[in-house]
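K.L.:
Can you keep this structure in mind? I'll have questions shortly.
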Amino acid sequence: MSRPRALQPSGIPELVCFSKGWAGSKHTLGDSPNEENDQFGPLEYLLVSKIEEDGMPRLWSLGITYGEGHSQVLRRSTWHISTARTDFVEPITKTVKKQLWLDTHTIYDHWNPSTARTILTGHYLATRHKKLFDGWHRAGNSKTELKDATNEYWDSLAQELGGITRLTIYINEELQAWGDSFSSSLLAQLMGVGPRTIHTRLYEASKFGHLHSANSKPLLGSPINKKSTSS
């Protein structure tokens with residue numbers, strides 16, 4: 001099983017936080033400040049999202065800071081995502097509850113494609129599928145353990161939704177609603193299968209309709225509905 005190239009290693013944030021139904025991520029890009037050329041240094045992106053009543057994740061806040069005051073979390077391995085020990089999400093949610101969520105499609109369209117996928121898709125992946133990355137982190141460089149961790153993660157979700165085809169369609173709906181235009185290729189990497197396999201599954205979409213509206217509760221809602229404090 002090859003490692004998903006689009007996610008190495010900057011494609012996922014270094015820190016996440018789950019708080020009372022909300023999810024946040026911090027992602028640092030760029031080099032440290034250099035006094036000789038007077039650069040601002042790295043940019044820290046802080047995103048907050050929530051699963052709405054239709055089961056879709058929506059982005060509610062996007063903040064960007066720069067300079068020497070940034071608090072970068074050092075990544076201990078390619079797939080390691082720390083869980084915040086302090087709740088940095090709740091203060092933000094108090095200021096956004098009376099506004100509409102942000103249009104992620106517009107952000108994807110206006111940002112540099114690589115940056116948009118790193119920050120926006122990275123937030124989605126880390127907050128919706130952290131258990132998958134945790135499994136990859138534990139597997140290390142073992143291809144066998146990587147494959148086992150991948151199958152274990154997706155098989156458990158497929159059983160919950162009624163099959164791997166339905167699950168693939170469900171996740172694809174989320175990615176498209178979130179704004180990622182390369183959802184099928186990303187799914188192939190995440191699930192450890194070929195692109196043709198994903199396309200075949202998505203071809204079956206007409207048989208199932210829109211799966212989010214057909215479900216009374218979000219399939220993957222439980223990680224976001226829990227407040228985690230351990231790393």
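Labels for the structure tokens follow display order: chains A, B, ..., residues from 1 in each chain, ligands from 1.
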Which residues come within 9 Å of Ala188 (chain A), counting only C-alpha atoms, excluding same-chain residues fewer than 6 positions away, as number ranges by chain?

P.N.:
A: 4, 194-198

K.L.:
With N, CA, C and O atoms kept, could you save the residues just selected as a CSV table (one decimal), in the first residue's frame?

P.N.:
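As a result, part_22.csv now contains:
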chain,number,residue,atom,x,y,z
A,4,PRO,N,-0.5,8.0,0.7
A,4,PRO,CA,-1.1,9.0,-0.1
A,4,PRO,C,-0.3,10.3,-0.2
A,4,PRO,O,-0.1,11.0,0.7
A,194,GLY,N,-7.7,1.6,-6.0
A,194,GLY,CA,-7.4,2.3,-7.3
A,194,GLY,C,-8.6,3.2,-7.6
A,194,GLY,O,-9.7,3.1,-7.2
A,195,PRO,N,-8.3,4.2,-8.4
A,195,PRO,CA,-9.3,5.2,-8.9
A,195,PRO,C,-10.5,4.6,-9.5
A,195,PRO,O,-11.6,5.0,-9.4
A,196,ARG,N,-10.3,3.5,-10.3
A,196,ARG,CA,-11.4,2.8,-11.0
A,196,ARG,C,-12.4,2.3,-10.0
A,196,ARG,O,-13.6,2.3,-10.3
A,197,THR,N,-11.8,1.7,-8.9
A,197,THR,CA,-12.7,1.2,-7.9
A,197,THR,C,-13.6,2.3,-7.3
A,197,THR,O,-14.9,2.0,-7.1
A,198,ILE,N,-13.1,3.4,-7.0
A,198,ILE,CA,-13.9,4.5,-6.5
A,198,ILE,C,-14.9,5.0,-7.5
A,198,ILE,O,-16.1,5.2,-7.2

K.L.:
Just want the 8 Å neighbourhood of region 131-137 of chain A, counted on only C-alpha atoms, with same-chain residues fewer than 6 positions away dropped. Output as a list in words.

P.N.:
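Once the nearby chain positions are removed, what remains is Ser77, Thr78, Trp79, His80, Ile81, Glu145, Leu146, Ala149, Thr150 and Tyr153 of chain A.
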
K.L.:
Could you pull out the alpha helix (DSSP H) residues of region 87-186 of chain A, going by DSSP on the backbone, and write them as a PyMOL selection string?

P.N.:
chain A and resi 90-96+104-110+113-116+122-128+130-139+143-161+164-178+183-186

K.L.:
So, counting only C-alpha atoms, which residue among A:Val48, A:Ala205, A:Ile92, A:Met191 is closest to Ser25 (chain A)?

P.N.:
A:Val48

K.L.:
Using only C-alpha atoms, find the one residue out of A:Lys94, A:Lys20, A:His110, A:His212 that sits nearest to Leu161 (chain A).

P.N.:
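The closest residue to Leu161 (chain A) is A:His212.
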
K.L.:
Would you give me, as a Markdown table, each residue of region 135-187 of chain A having an atom within 12 Å of an atom of region 112-118 of chain A, along with its shortest atom pair and that distance in Å to one decimal, using only C-alpha atoms and sorting by chain and residue number?

P.N.:
| residue | atom | partner | partner_atom | distance |
| --- | --- | --- | --- | --- |
| A:Leu175 | CA | A:Arg117 | CA | 11.3 |
| A:Trp178 | CA | A:Arg117 | CA | 11.0 |
| A:Gly179 | CA | A:Arg117 | CA | 9.5 |
| A:Asp180 | CA | A:Arg117 | CA | 7.3 |
| A:Ser181 | CA | A:Arg117 | CA | 9.5 |
| A:Phe182 | CA | A:Arg117 | CA | 9.4 |
| A:Ser183 | CA | A:Arg117 | CA | 10.7 |
| A:Leu186 | CA | A:Arg117 | CA | 10.6 |

K.L.:
Interatomic distance between CA of Asp54 (chain A) and CA of Gln176 (chain A)?

P.N.:
14.2 Å

K.L.:
Please run DSSP on the backbone and report, as a ChimeraX atom specification, all residues within region 12-219 of chain A that come out as strand (DSSP E or B).

P.N.:
/A:15-19,22-29,43-51,57-66,82-83,102

K.L.:
Could you check the closest approach to Tyr45 (chain A) for each of A:Val96, A:Leu125, A:Ile119, A:Val16 and tell me which residue wins, using only C-alpha atoms?

P.N.:
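Residue with the minimum atom-to-atom distance to Tyr45 (chain A): A:Ile119.
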
K.L.:
My list of candidates is A:Gly122, A:Gly11, A:Gly192, A:Gly140. Which is closest to Glu152 (chain A) when distances are computed with only C-alpha atoms?

P.N.:
A:Gly192

K.L.:
Would you list the contacts of region 56-68 of chain A as a ChimeraX atom specification, taking every protein, DNA or RNA residue within 7 Å and counting only C-alpha atoms, but skipping same-chain residues closer than 6 positions in sequence?

P.N.:
/A:33,40-50,96,101-102,104,174,178

K.L.:
Those selected residues, please, written with all heavy atoms and delivered as a short mmCIF file (atom, residue, chain, number, x, y, z; two decimals), in the first residue's frame.

P.N.:
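Everything below was put into out-v9.cif:
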data_model
loop_
_atom_site.label_atom_id
_atom_site.label_comp_id
_atom_site.auth_asym_id
_atom_site.auth_seq_id
_atom_site.Cartn_x
_atom_site.Cartn_y
_atom_site.Cartn_z
N PRO A 33 10.59 33.23 11.02
CA PRO A 33 10.97 34.58 10.60
C PRO A 33 12.48 34.73 10.43
O PRO A 33 13.26 34.16 11.20
CB PRO A 33 10.46 35.45 11.75
CG PRO A 33 9.40 34.62 12.41
CD PRO A 33 9.83 33.21 12.25
N PHE A 40 7.81 37.98 7.36
CA PHE A 40 6.87 37.84 8.46
C PHE A 40 6.96 36.48 9.14
O PHE A 40 6.60 36.32 10.29
CB PHE A 40 5.43 38.06 7.97
CG PHE A 40 5.13 39.47 7.60
CD1 PHE A 40 4.74 39.80 6.31
CD2 PHE A 40 5.24 40.48 8.54
CE1 PHE A 40 4.45 41.10 5.96
CE2 PHE A 40 4.95 41.79 8.20
CZ PHE A 40 4.55 42.11 6.91
N GLY A 41 7.43 35.48 8.42
CA GLY A 41 7.51 34.16 9.01
C GLY A 41 6.30 33.32 8.69
O GLY A 41 5.54 33.62 7.77
N PRO A 42 6.09 32.25 9.44
CA PRO A 42 5.02 31.30 9.13
C PRO A 42 3.63 31.87 9.38
O PRO A 42 3.44 32.79 10.17
CB PRO A 42 5.31 30.13 10.07
CG PRO A 42 6.01 30.77 11.23
CD PRO A 42 6.84 31.86 10.63
N LEU A 43 2.66 31.30 8.67
CA LEU A 43 1.26 31.65 8.87
C LEU A 43 0.58 30.51 9.63
O LEU A 43 0.76 29.35 9.30
CB LEU A 43 0.55 31.85 7.53
CG LEU A 43 1.01 33.04 6.69
CD1 LEU A 43 0.29 33.03 5.35
CD2 LEU A 43 0.74 34.35 7.41
N GLU A 44 -0.22 30.87 10.63
CA GLU A 44 -0.98 29.88 11.37
C GLU A 44 -2.46 30.03 11.02
O GLU A 44 -3.05 31.08 11.18
CB GLU A 44 -0.80 30.07 12.88
CG GLU A 44 -1.54 29.01 13.70
CD GLU A 44 -1.42 29.23 15.19
OE1 GLU A 44 -2.19 30.03 15.73
OE2 GLU A 44 -0.54 28.62 15.81
N TYR A 45 -3.03 28.94 10.51
CA TYR A 45 -4.44 28.92 10.10
C TYR A 45 -5.25 28.21 11.18
O TYR A 45 -4.92 27.08 11.57
CB TYR A 45 -4.60 28.18 8.78
CG TYR A 45 -3.90 28.83 7.61
CD1 TYR A 45 -2.53 28.67 7.42
CD2 TYR A 45 -4.60 29.59 6.68
CE1 TYR A 45 -1.87 29.25 6.34
CE2 TYR A 45 -3.96 30.18 5.61
CZ TYR A 45 -2.60 30.01 5.44
OH TYR A 45 -1.96 30.59 4.37
N LEU A 46 -6.30 28.86 11.65
CA LEU A 46 -7.17 28.26 12.66
C LEU A 46 -8.58 28.19 12.08
O LEU A 46 -9.18 29.20 11.74
CB LEU A 46 -7.16 29.10 13.94
CG LEU A 46 -7.76 28.47 15.20
CD1 LEU A 46 -7.21 29.15 16.45
CD2 LEU A 46 -9.28 28.55 15.21
N LEU A 47 -9.08 26.96 11.93
CA LEU A 47 -10.40 26.73 11.34
C LEU A 47 -11.31 26.06 12.35
O LEU A 47 -10.87 25.24 13.15
CB LEU A 47 -10.29 25.83 10.11
CG LEU A 47 -9.70 26.43 8.83
CD1 LEU A 47 -8.20 26.59 8.93
CD2 LEU A 47 -10.04 25.55 7.62
N VAL A 48 -12.59 26.44 12.30
CA VAL A 48 -13.60 25.85 13.18
C VAL A 48 -14.80 25.45 12.33
O VAL A 48 -15.31 26.25 11.54
CB VAL A 48 -14.04 26.82 14.29
CG1 VAL A 48 -15.19 26.22 15.10
CG2 VAL A 48 -12.87 27.15 15.21
N SER A 49 -15.26 24.21 12.49
CA SER A 49 -16.39 23.71 11.72
C SER A 49 -17.38 22.99 12.62
O SER A 49 -17.09 22.73 13.80
CB SER A 49 -15.91 22.75 10.61
OG SER A 49 -15.30 21.61 11.19
N LYS A 50 -18.52 22.64 12.03
CA LYS A 50 -19.56 21.94 12.79
C LYS A 50 -20.39 21.11 11.82
O LYS A 50 -20.60 21.50 10.67
CB LYS A 50 -20.47 22.94 13.51
CG LYS A 50 -21.53 22.32 14.39
CD LYS A 50 -22.40 23.38 15.04
CE LYS A 50 -23.45 22.76 15.94
NZ LYS A 50 -24.34 23.80 16.54
N VAL A 96 -19.62 33.29 16.59
CA VAL A 96 -20.09 32.96 15.24
C VAL A 96 -21.51 32.41 15.19
O VAL A 96 -22.05 32.20 14.10
CB VAL A 96 -19.15 31.94 14.56
CG1 VAL A 96 -17.73 32.48 14.50
CG2 VAL A 96 -19.19 30.60 15.29
N TRP A 101 -22.48 30.21 7.99
CA TRP A 101 -21.21 29.57 7.77
C TRP A 101 -20.53 30.14 6.54
O TRP A 101 -21.14 30.79 5.68
CB TRP A 101 -21.37 28.05 7.67
CG TRP A 101 -22.27 27.58 6.56
CD1 TRP A 101 -22.08 27.71 5.22
CD2 TRP A 101 -23.51 26.89 6.71
NE1 TRP A 101 -23.10 27.14 4.52
CE2 TRP A 101 -24.00 26.62 5.42
CE3 TRP A 101 -24.24 26.44 7.81
CZ2 TRP A 101 -25.19 25.95 5.19
CZ3 TRP A 101 -25.43 25.76 7.59
CH2 TRP A 101 -25.89 25.53 6.29
N LEU A 102 -19.23 29.86 6.41
CA LEU A 102 -18.43 30.37 5.31
C LEU A 102 -18.56 29.47 4.09
O LEU A 102 -18.69 28.26 4.22
CB LEU A 102 -16.96 30.47 5.73
CG LEU A 102 -16.65 31.31 6.96
CD1 LEU A 102 -15.16 31.23 7.29
CD2 LEU A 102 -17.07 32.75 6.74
N THR A 104 -16.98 27.51 1.60
CA THR A 104 -15.68 26.92 1.32
C THR A 104 -15.40 26.81 -0.17
O THR A 104 -14.24 26.85 -0.60
CB THR A 104 -15.57 25.53 1.97
OG1 THR A 104 -16.75 24.77 1.67
CG2 THR A 104 -15.43 25.64 3.48
N GLU A 174 -19.80 14.39 1.24
CA GLU A 174 -19.24 15.35 2.21
C GLU A 174 -18.12 16.17 1.58
O GLU A 174 -18.08 17.40 1.74
CB GLU A 174 -18.70 14.61 3.43
CG GLU A 174 -19.76 14.12 4.37
CD GLU A 174 -19.18 13.73 5.71
OE1 GLU A 174 -17.95 13.57 5.84
OE2 GLU A 174 -19.98 13.57 6.65
N TRP A 178 -18.10 20.11 0.90
CA TRP A 178 -17.05 20.90 1.53
C TRP A 178 -16.30 21.75 0.50
O TRP A 178 -15.77 22.80 0.83
CB TRP A 178 -16.09 19.96 2.26
CG TRP A 178 -15.03 20.61 3.06
CD1 TRP A 178 -13.70 20.70 2.77
CD2 TRP A 178 -15.18 21.29 4.32
NE1 TRP A 178 -13.01 21.36 3.75
CE2 TRP A 178 -13.90 21.75 4.72
CE3 TRP A 178 -16.28 21.55 5.15
CZ2 TRP A 178 -13.70 22.44 5.91
CZ3 TRP A 178 -16.08 22.24 6.34
CH2 TRP A 178 -14.80 22.69 6.71
#

K.L.:
Closest to Ala177 (chain A) among A:Asp87, A:Asp148, A:Asp103, A:Asp155, using only C-alpha atoms?

P.N.:
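Using only C-alpha atoms, the shortest distance to Ala177 (chain A) belongs to A:Asp103.
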
K.L.:
Using only C-alpha atoms for the distances, tell me which of A:Ile169, A:Ile107, A:Cys17, A:Leu100 is nearest to Thr200 (chain A).

P.N.:
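Residue with the minimum atom-to-atom distance to Thr200 (chain A): A:Ile169.
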
K.L.:
So the first atom is CA of His27 (chain A) and the second is CA of Ser156 (chain A); what is the distance between them in Å, to one decimal place?

P.N.:
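If I compute the distance from CA of His27 (chain A) to CA of Ser156 (chain A), I get 28.6 Å.
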
K.L.:
Which residues are close to Thr168 (chain A), i.e. within 8 Å by only C-alpha atoms, leaving aside same-chain residues fewer than 5 positions away? Reply as a ChimeraX atom specification.

P.N.:
/A:187,198,201-202

K.L.:
If we count only C-alpha atoms and set the cut-off at 6 Å, which residues sit around Gly55 (chain A), ignoring sequence neighbours fewer than 2 positions away in its own chain? Please answer as a PDB file with N, CA, C and O atoms, in the first residue's frame.

P.N.:
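Wrote it out as part.pdb, contents follow:
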ATOM      1  N   ILE A  51     -20.853  19.946  12.286  1.00  0.00           N
ATOM      2  CA  ILE A  51     -21.759  19.128  11.494  1.00  0.00           C
ATOM      3  C   ILE A  51     -23.168  19.681  11.670  1.00  0.00           C
ATOM      4  O   ILE A  51     -23.678  19.774  12.787  1.00  0.00           O
ATOM      5  N   GLU A  52     -23.790  20.058  10.548  1.00  0.00           N
ATOM      6  CA  GLU A  52     -25.112  20.664  10.616  1.00  0.00           C
ATOM      7  C   GLU A  52     -26.211  19.599  10.600  1.00  0.00           C
ATOM      8  O   GLU A  52     -25.946  18.405  10.544  1.00  0.00           O
ATOM      9  N   GLU A  53     -27.458  20.025  10.649  1.00  0.00           N
ATOM     10  CA  GLU A  53     -28.584  19.104  10.750  1.00  0.00           C
ATOM     11  C   GLU A  53     -28.693  18.177   9.549  1.00  0.00           C
ATOM     12  O   GLU A  53     -29.242  17.075   9.657  1.00  0.00           O
ATOM     13  N   HIS A 212     -26.995  11.643   2.847  1.00  0.00           N
ATOM     14  CA  HIS A 212     -27.048  12.461   4.048  1.00  0.00           C
ATOM     15  C   HIS A 212     -28.491  12.814   4.414  1.00  0.00           C
ATOM     16  O   HIS A 212     -28.879  12.754   5.576  1.00  0.00           O
ATOM     17  N   PRO A 218     -25.778  12.038  11.628  1.00  0.00           N
ATOM     18  CA  PRO A 218     -24.535  11.932  10.882  1.00  0.00           C
ATOM     19  C   PRO A 218     -23.824  10.612  11.166  1.00  0.00           C
ATOM     20  O   PRO A 218     -23.719  10.185  12.319  1.00  0.00           O
TER      21      PRO A 218
END
